[in-house]
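Asker: The file below is coords_14.cif, mmCIF, C-alpha atoms; chains and numbers go by the auth columns:
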```
data_start
#
loop_
_atom_site.group_PDB
_atom_site.id
_atom_site.type_symbol
_atom_site.label_atom_id
_atom_site.label_comp_id
_atom_site.label_asym_id
_atom_site.label_seq_id
_atom_site.Cartn_x
_atom_site.Cartn_y
_atom_site.Cartn_z
_atom_site.B_iso_or_equiv
_atom_site.auth_seq_id
_atom_site.auth_asym_id
ATOM 1 C CA MET A 1 0.000 0.000 0.000 0.00 28 E
ATOM 2 C CA LYS A 2 1.345 3.402 -0.950 0.00 29 E
ATOM 3 C CA ALA A 3 1.057 6.513 1.228 0.00 30 E
ATOM 4 C CA ILE A 4 1.729 9.872 -0.391 0.00 31 E
ATOM 5 C CA VAL A 5 2.720 12.616 2.041 0.00 32 E
ATOM 6 C CA THR A 6 2.625 16.159 0.671 0.00 33 E
ATOM 7 C CA VAL A 7 4.461 18.787 2.715 0.00 34 E
ATOM 8 C CA MET A 8 3.897 22.482 1.999 0.00 35 E
ATOM 9 C CA LEU A 9 5.002 25.630 3.788 0.00 36 E
ATOM 10 C CA LYS A 10 2.134 27.070 5.835 0.00 37 E
ATOM 11 C CA THR A 11 0.282 30.059 4.413 0.00 38 E
ATOM 12 C CA GLY A 12 2.120 33.218 5.417 0.00 39 E
ATOM 13 C CA VAL A 13 5.541 31.581 5.596 0.00 40 E
ATOM 14 C CA LEU A 14 7.844 33.187 3.024 0.00 41 E
ATOM 15 C CA ASP A 15 8.761 30.823 0.181 0.00 42 E
ATOM 16 C CA PRO A 16 11.906 32.149 -1.538 0.00 43 E
ATOM 17 C CA GLN A 17 12.172 29.089 -3.790 0.00 44 E
ATOM 18 C CA GLY A 18 8.635 29.704 -5.030 0.00 45 E
ATOM 19 C CA LYS A 19 9.411 33.380 -5.584 0.00 46 E
ATOM 20 C CA ALA A 20 12.495 32.455 -7.621 0.00 47 E
ATOM 21 C CA ILE A 21 10.489 30.051 -9.765 0.00 48 E
ATOM 22 C CA GLY A 22 7.845 32.741 -10.324 0.00 49 E
ATOM 23 C CA HIS A 23 10.477 35.226 -11.508 0.00 50 E
ATOM 24 C CA ALA A 24 12.073 32.636 -13.773 0.00 51 E
ATOM 25 C CA LEU A 25 8.695 31.764 -15.334 0.00 52 E
ATOM 26 C CA HIS A 26 7.979 35.447 -16.005 0.00 53 E
ATOM 27 C CA GLY A 27 11.369 35.691 -17.707 0.00 54 E
ATOM 28 C CA LEU A 28 10.574 32.618 -19.811 0.00 55 E
ATOM 29 C CA GLY A 29 7.409 34.221 -21.181 0.00 56 E
ATOM 30 C CA PHE A 30 4.695 33.150 -18.741 0.00 57 E
ATOM 31 C CA PRO A 31 3.285 36.477 -17.527 0.00 58 E
ATOM 32 C CA GLN A 32 0.093 34.797 -16.294 0.00 59 E
ATOM 33 C CA VAL A 33 1.893 33.250 -13.306 0.00 60 E
ATOM 34 C CA GLY A 34 0.965 34.725 -9.928 0.00 61 E
ATOM 35 C CA GLU A 35 2.027 33.276 -6.602 0.00 62 E
ATOM 36 C CA VAL A 36 4.155 30.135 -6.666 0.00 63 E
ATOM 37 C CA ARG A 37 4.621 27.825 -3.661 0.00 64 E
ATOM 38 C CA VAL A 38 6.936 24.845 -3.598 0.00 65 E
ATOM 39 C CA GLY A 39 6.585 21.740 -1.471 0.00 66 E
ATOM 40 C CA LYS A 40 7.705 18.141 -1.210 0.00 67 E
ATOM 41 C CA VAL A 41 5.978 14.863 -2.003 0.00 68 E
ATOM 42 C CA ILE A 42 7.150 11.715 -0.283 0.00 69 E
ATOM 43 C CA GLU A 43 5.848 8.402 -1.655 0.00 70 E
ATOM 44 C CA LEU A 44 6.111 5.661 0.955 0.00 71 E
ATOM 45 C CA GLU A 45 5.660 1.986 0.165 0.00 72 E
ATOM 46 C CA LEU A 46 4.104 0.542 3.346 0.00 73 E
ATOM 47 C CA ALA A 47 3.519 -3.015 4.540 0.00 74 E
ATOM 48 C CA GLU A 48 0.094 -2.037 5.920 0.00 75 E
ATOM 49 C CA THR A 49 -2.883 -3.493 4.068 0.00 76 E
ATOM 50 C CA ASP A 50 -5.524 -1.365 5.805 0.00 77 E
ATOM 51 C CA PRO A 51 -5.867 2.131 4.269 0.00 78 E
ATOM 52 C CA GLU A 52 -6.783 3.722 7.626 0.00 79 E
ATOM 53 C CA ALA A 53 -3.732 2.204 9.357 0.00 80 E
ATOM 54 C CA ALA A 54 -1.513 3.295 6.463 0.00 81 E
ATOM 55 C CA LYS A 55 -2.858 6.838 6.707 0.00 82 E
ATOM 56 C CA THR A 56 -2.250 6.963 10.451 0.00 83 E
ATOM 57 C CA ALA A 57 1.288 5.641 10.028 0.00 84 E
ATOM 58 C CA GLY A 58 1.989 8.172 7.266 0.00 85 E
ATOM 59 C CA ALA A 59 0.774 11.035 9.442 0.00 86 E
ATOM 60 C CA GLU A 60 2.955 9.863 12.334 0.00 87 E
ATOM 61 C CA MET A 61 6.010 9.709 10.043 0.00 88 E
ATOM 62 C CA ALA A 62 5.218 13.189 8.767 0.00 89 E
ATOM 63 C CA ARG A 63 4.999 14.533 12.316 0.00 90 E
ATOM 64 C CA LYS A 64 8.197 12.788 13.443 0.00 91 E
ATOM 65 C CA LEU A 65 10.431 13.299 10.412 0.00 92 E
ATOM 66 C CA LEU A 66 9.018 14.459 7.107 0.00 93 E
ATOM 67 C CA ALA A 67 7.497 17.809 8.020 0.00 94 E
ATOM 68 C CA ASN A 68 8.613 20.626 10.268 0.00 95 E
ATOM 69 C CA THR A 69 5.192 21.312 11.725 0.00 96 E
ATOM 70 C CA VAL A 70 6.255 24.739 13.006 0.00 97 E
ATOM 71 C CA ILE A 71 6.362 26.132 9.480 0.00 98 E
ATOM 72 C CA GLU A 72 5.007 23.290 7.327 0.00 99 E
ATOM 73 C CA SER A 73 1.651 21.579 6.975 0.00 100 E
ATOM 74 C CA PHE A 74 1.184 18.114 5.503 0.00 101 E
ATOM 75 C CA LYS A 75 -1.490 15.870 4.093 0.00 102 E
ATOM 76 C CA VAL A 76 -1.479 12.098 3.670 0.00 103 E
ATOM 77 C CA GLU A 77 -3.200 10.344 0.777 0.00 104 E
ATOM 78 C CA ILE A 78 -3.429 6.635 0.178 0.00 105 E
ATOM 79 C CA ALA A 79 -2.881 5.268 -3.341 0.00 106 E
ATOM 80 C CA ALA A 80 -4.019 1.810 -4.402 0.00 107 E
ATOM 81 C CA MET B 1 -7.015 29.104 -11.230 0.00 219 T
ATOM 82 C CA LYS B 2 -4.421 26.935 -9.536 0.00 220 T
ATOM 83 C CA ALA B 3 -2.209 24.417 -11.338 0.00 221 T
ATOM 84 C CA ILE B 4 -0.367 21.842 -9.261 0.00 222 T
ATOM 85 C CA VAL B 5 2.693 20.370 -10.935 0.00 223 T
ATOM 86 C CA THR B 6 4.131 17.232 -9.318 0.00 224 T
ATOM 87 C CA VAL B 7 7.651 16.289 -10.369 0.00 225 T
ATOM 88 C CA MET B 8 9.022 12.841 -9.511 0.00 226 T
ATOM 89 C CA LEU B 9 12.198 11.025 -10.499 0.00 227 T
ATOM 90 C CA LYS B 10 11.463 8.471 -13.222 0.00 228 T
ATOM 91 C CA THR B 11 11.235 4.825 -12.202 0.00 229 T
ATOM 92 C CA GLY B 12 14.704 3.332 -12.229 0.00 230 T
ATOM 93 C CA VAL B 13 16.492 6.587 -11.424 0.00 231 T
ATOM 94 C CA LEU B 14 18.296 6.256 -8.096 0.00 232 T
ATOM 95 C CA ASP B 15 16.778 8.431 -5.375 0.00 233 T
ATOM 96 C CA PRO B 16 19.363 8.886 -2.588 0.00 234 T
ATOM 97 C CA GLN B 17 17.153 11.339 -0.696 0.00 235 T
ATOM 98 C CA GLY B 18 14.360 8.756 -0.626 0.00 236 T
ATOM 99 C CA LYS B 19 16.822 6.079 0.536 0.00 237 T
ATOM 100 C CA ALA B 20 18.012 8.342 3.359 0.00 238 T
ATOM 101 C CA ILE B 21 14.439 9.009 4.471 0.00 239 T
ATOM 102 C CA GLY B 22 13.709 5.262 4.400 0.00 240 T
ATOM 103 C CA HIS B 23 16.707 4.535 6.625 0.00 241 T
ATOM 104 C CA ALA B 24 15.763 7.334 9.021 0.00 242 T
ATOM 105 C CA LEU B 25 12.187 6.025 9.288 0.00 243 T
ATOM 106 C CA HIS B 26 13.456 2.510 10.058 0.00 244 T
ATOM 107 C CA GLY B 27 15.613 4.012 12.780 0.00 245 T
ATOM 108 C CA LEU B 28 12.631 5.894 14.201 0.00 246 T
ATOM 109 C CA GLY B 29 10.642 2.674 14.617 0.00 247 T
ATOM 110 C CA PHE B 30 8.768 2.325 11.331 0.00 248 T
ATOM 111 C CA PRO B 31 9.912 -1.088 10.066 0.00 249 T
ATOM 112 C CA GLN B 32 6.938 -1.300 7.675 0.00 250 T
ATOM 113 C CA VAL B 33 8.451 1.249 5.301 0.00 251 T
ATOM 114 C CA GLY B 34 9.636 -0.127 1.976 0.00 252 T
ATOM 115 C CA GLU B 35 10.748 1.997 -0.950 0.00 253 T
ATOM 116 C CA VAL B 36 10.628 5.776 -0.501 0.00 254 T
ATOM 117 C CA ARG B 37 10.674 8.260 -3.404 0.00 255 T
ATOM 118 C CA VAL B 38 10.841 11.999 -3.006 0.00 256 T
ATOM 119 C CA GLY B 39 9.541 14.590 -5.446 0.00 257 T
ATOM 120 C CA LYS B 40 8.509 18.215 -5.688 0.00 258 T
ATOM 121 C CA VAL B 41 5.106 19.889 -5.842 0.00 259 T
ATOM 122 C CA ILE B 42 4.836 23.325 -7.392 0.00 260 T
ATOM 123 C CA GLU B 43 1.575 25.198 -6.883 0.00 261 T
ATOM 124 C CA LEU B 44 1.112 27.890 -9.520 0.00 262 T
ATOM 125 C CA GLU B 45 -1.518 30.603 -9.300 0.00 263 T
ATOM 126 C CA LEU B 46 -2.477 31.247 -12.949 0.00 264 T
ATOM 127 C CA ALA B 47 -4.488 33.998 -14.626 0.00 265 T
ATOM 128 C CA GLU B 48 -6.129 31.454 -16.954 0.00 266 T
ATOM 129 C CA THR B 49 -9.816 30.819 -16.345 0.00 267 T
ATOM 130 C CA ASP B 50 -10.110 27.774 -18.623 0.00 268 T
ATOM 131 C CA PRO B 51 -8.951 24.546 -16.932 0.00 269 T
ATOM 132 C CA GLU B 52 -7.675 23.060 -20.215 0.00 270 T
ATOM 133 C CA ALA B 53 -5.601 26.167 -20.994 0.00 271 T
ATOM 134 C CA ALA B 54 -4.240 26.209 -17.438 0.00 272 T
ATOM 135 C CA LYS B 55 -3.251 22.552 -17.741 0.00 273 T
ATOM 136 C CA THR B 56 -1.490 23.150 -21.055 0.00 274 T
ATOM 137 C CA ALA B 57 0.364 26.169 -19.627 0.00 275 T
ATOM 138 C CA GLY B 58 1.384 24.180 -16.545 0.00 276 T
ATOM 139 C CA ALA B 59 2.751 21.361 -18.701 0.00 277 T
ATOM 140 C CA GLU B 60 4.727 23.817 -20.816 0.00 278 T
ATOM 141 C CA MET B 61 6.232 25.399 -17.685 0.00 279 T
ATOM 142 C CA ALA B 62 7.136 21.952 -16.383 0.00 280 T
ATOM 143 C CA ARG B 63 8.860 21.090 -19.657 0.00 281 T
ATOM 144 C CA LYS B 64 10.736 24.401 -19.835 0.00 282 T
ATOM 145 C CA LEU B 65 11.735 24.897 -16.214 0.00 283 T
ATOM 146 C CA LEU B 66 10.201 22.835 -13.452 0.00 284 T
ATOM 147 C CA ALA B 67 11.192 19.307 -14.465 0.00 285 T
ATOM 148 C CA ASN B 68 14.338 17.824 -15.920 0.00 286 T
ATOM 149 C CA THR B 69 12.571 15.510 -18.351 0.00 287 T
ATOM 150 C CA VAL B 70 15.692 13.399 -18.862 0.00 288 T
ATOM 151 C CA ILE B 71 15.374 11.942 -15.373 0.00 289 T
ATOM 152 C CA GLU B 72 12.078 13.323 -14.074 0.00 290 T
ATOM 153 C CA SER B 73 8.435 12.865 -15.010 0.00 291 T
ATOM 154 C CA PHE B 74 5.683 15.319 -14.133 0.00 292 T
ATOM 155 C CA LYS B 75 1.924 15.542 -13.906 0.00 293 T
ATOM 156 C CA VAL B 76 -0.269 18.633 -13.891 0.00 294 T
ATOM 157 C CA GLU B 77 -3.510 18.862 -11.914 0.00 295 T
ATOM 158 C CA ILE B 78 -5.931 21.748 -11.812 0.00 296 T
ATOM 159 C CA ALA B 79 -7.415 22.809 -8.472 0.00 297 T
ATOM 160 C CA ALA B 80 -10.539 24.929 -8.226 0.00 298 T
#
```
Spit out the file's structure as structure tokens when you get a sec.

Answerer:
Amino acid sequence: MKAIVTVMLKTGVLDPQGKAIGHALHGLGFPQVGEVRVGKVIELELAETDPEAAKTAGAEMARKLLANTVIESFKVEIAA
Amino acid sequence: MKAIVTVMLKTGVLDPQGKAIGHALHGLGFPQVGEVRVGKVIELELAETDPEAAKTAGAEMARKLLANTVIESFKVEIAA
């Protein structure tokens, strides 16, 4: 069973990497780009067979290692 | 309109960051973790109002800047 953890900076936390990407896209001829935010996706192959248990485990891993919950929020999705 | 571009290393491309996370999770007491792959999410705020146009623009940006298509694959999703 696969758990997909997405970690994004919380709203209001400055995202310099996103800003840089936004500027670069403007320079490449994409004037329609507004705010850009960058985050991480972590795909975890888990031994769990129960989706609920996999989700709980993924959230615990996010809290303990994958996300810095002071400045980052995360969500856990389960893929087939 | 928001486009979400997810960039992952292609299957078969070694992912040392994922390996490191896997080892760290084992050490933290998550023996159920198998393969771990790490990627990027880029959330783009776009001026487009047509979902199809936004998707096309997002894919073009991914090809030109956000993904290294030699070793990375990407997908574009449109959020409301």

Asker: Kindly resolve the PyMOL selection byres ((chain E) within 6 of (chain T)) on the present coordinates and return the residues as a list in words.

Answerer: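 Here the PyMOL selection byres ((chain E) within 6 of (chain T)) matches Gln59, Val60, Gly61, Glu62, Val63, Arg64, Val65, Gly66, Lys67, Val68, Ile69, Glu70, Leu71, Glu72, Leu73 and Ala74 of chain E.
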
Asker: Rounded to one decimal in Å, what is the spacing between CA of Thr274 in chain T and CA of Lys293 in chain T?

Answerer: 11.0 Å

Asker: Return the single residue from E:Gly39, E:Gly54, E:Lys46, E:Pro78 that is closest to Ala107 in chain E, with distances computed using all atoms listed in the file.

Answerer: E:Pro78

Asker: What is the distance, in Å and to one decimal place, between CA of Val97 in chain E and CA of Leu41 in chain E?

Answerer: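 Those two atoms sit 13.2 Å apart.
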
Asker: Quick one: of E:His50, E:Ile105, E:Lys37, E:Pro43, who's nearest to Lys82 in chain E, counting all atoms listed in the file?

Answerer: E:Ile105

Asker: Grab the CA of Glu270 in chain T to CA of Val294 in chain T distance for me, in Å with one decimal place.

Answerer: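 Straight-line distance from CA of Glu270 in chain T to CA of Val294 in chain T works out to 10.7 Å.
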
Asker: Take range 266-293 of chain T from the block and save it with N, CA, C and O atoms, as a compact mmCIF listing (two decimals), in the first residue's frame.

Answerer:
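File written: selection20.txt
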```txt
# COMPACT_ATOMS: atom_id res chain seq x y z
N GLU T 266 -5.18 32.18 -16.09
CA GLU T 266 -6.13 31.45 -16.95
C GLU T 266 -7.44 31.15 -16.22
O GLU T 266 -7.44 30.85 -15.03
N THR T 267 -8.54 31.19 -16.95
CA THR T 267 -9.82 30.82 -16.35
C THR T 267 -10.32 29.49 -16.92
O THR T 267 -11.24 28.90 -16.37
N ASP T 268 -9.71 29.03 -18.01
CA ASP T 268 -10.11 27.77 -18.62
C ASP T 268 -9.20 26.65 -18.11
O ASP T 268 -7.98 26.72 -18.25
N PRO T 269 -9.77 25.62 -17.50
CA PRO T 269 -8.95 24.55 -16.93
C PRO T 269 -8.01 23.89 -17.95
O PRO T 269 -6.86 23.59 -17.63
N GLU T 270 -8.51 23.71 -19.20
CA GLU T 270 -7.68 23.06 -20.22
C GLU T 270 -6.46 23.91 -20.55
O GLU T 270 -5.34 23.42 -20.67
N ALA T 271 -6.70 25.24 -20.69
CA ALA T 271 -5.60 26.17 -20.99
C ALA T 271 -4.59 26.20 -19.85
O ALA T 271 -3.38 26.22 -20.06
N ALA T 272 -5.12 26.18 -18.61
CA ALA T 272 -4.24 26.21 -17.44
C ALA T 272 -3.38 24.95 -17.40
O ALA T 272 -2.17 25.00 -17.10
N LYS T 273 -3.98 23.82 -17.75
CA LYS T 273 -3.25 22.55 -17.74
C LYS T 273 -2.14 22.56 -18.79
O LYS T 273 -1.02 22.14 -18.53
N THR T 274 -2.47 23.06 -19.98
CA THR T 274 -1.49 23.15 -21.06
C THR T 274 -0.34 24.06 -20.65
O THR T 274 0.84 23.73 -20.85
N ALA T 275 -0.67 25.23 -20.06
CA ALA T 275 0.36 26.17 -19.63
C ALA T 275 1.25 25.53 -18.56
O ALA T 275 2.48 25.63 -18.61
N GLY T 276 0.62 24.84 -17.61
CA GLY T 276 1.38 24.18 -16.55
C GLY T 276 2.35 23.15 -17.10
O GLY T 276 3.51 23.06 -16.66
N ALA T 277 1.89 22.38 -18.10
CA ALA T 277 2.75 21.36 -18.70
C ALA T 277 3.92 22.00 -19.44
O ALA T 277 5.05 21.50 -19.38
N GLU T 278 3.66 23.13 -20.10
CA GLU T 278 4.73 23.82 -20.82
C GLU T 278 5.77 24.35 -19.83
O GLU T 278 6.98 24.25 -20.07
N MET T 279 5.30 24.90 -18.71
CA MET T 279 6.23 25.40 -17.69
C MET T 279 7.06 24.26 -17.11
O MET T 279 8.26 24.41 -16.84
N ALA T 280 6.42 23.11 -16.91
CA ALA T 280 7.14 21.95 -16.38
C ALA T 280 8.23 21.53 -17.36
O ALA T 280 9.37 21.28 -16.96
N ARG T 281 7.88 21.52 -18.66
CA ARG T 281 8.86 21.09 -19.66
C ARG T 281 10.02 22.08 -19.76
O ARG T 281 11.16 21.69 -19.93
N LYS T 282 9.71 23.38 -19.64
CA LYS T 282 10.74 24.40 -19.83
C LYS T 282 11.59 24.67 -18.59
O LYS T 282 12.73 25.08 -18.70
N LEU T 283 10.99 24.49 -17.41
CA LEU T 283 11.73 24.90 -16.21
C LEU T 283 11.63 23.94 -15.04
O LEU T 283 12.63 23.62 -14.40
N LEU T 284 10.42 23.48 -14.75
CA LEU T 284 10.20 22.83 -13.45
C LEU T 284 10.75 21.41 -13.37
O LEU T 284 11.16 20.97 -12.30
N ALA T 285 10.73 20.70 -14.49
CA ALA T 285 11.19 19.31 -14.47
C ALA T 285 12.38 19.13 -15.40
O ALA T 285 12.47 19.79 -16.43
N ASN T 286 13.28 18.26 -15.02
CA ASN T 286 14.34 17.82 -15.92
C ASN T 286 13.83 16.54 -16.56
O ASN T 286 13.93 15.46 -15.96
N THR T 287 13.30 16.65 -17.77
CA THR T 287 12.57 15.51 -18.35
C THR T 287 13.49 14.34 -18.72
O THR T 287 13.00 13.28 -19.10
N VAL T 288 14.79 14.53 -18.63
CA VAL T 288 15.69 13.40 -18.86
C VAL T 288 15.53 12.38 -17.74
O VAL T 288 15.48 11.17 -17.98
N ILE T 289 15.44 12.86 -16.50
CA ILE T 289 15.37 11.94 -15.37
C ILE T 289 14.08 12.08 -14.56
O ILE T 289 13.81 11.28 -13.68
N GLU T 290 13.28 13.10 -14.87
CA GLU T 290 12.08 13.32 -14.07
C GLU T 290 10.82 13.27 -14.94
O GLU T 290 10.83 13.68 -16.10
N SER T 291 9.73 12.80 -14.35
CA SER T 291 8.43 12.87 -15.01
C SER T 291 7.57 13.85 -14.21
O SER T 291 7.84 14.12 -13.05
N PHE T 292 6.54 14.38 -14.86
CA PHE T 292 5.68 15.32 -14.13
C PHE T 292 4.22 15.09 -14.47
O PHE T 292 3.91 14.48 -15.51
N LYS T 293 3.35 15.52 -13.59
CA LYS T 293 1.92 15.54 -13.91
C LYS T 293 1.35 16.89 -13.46
O LYS T 293 1.86 17.52 -12.53
```
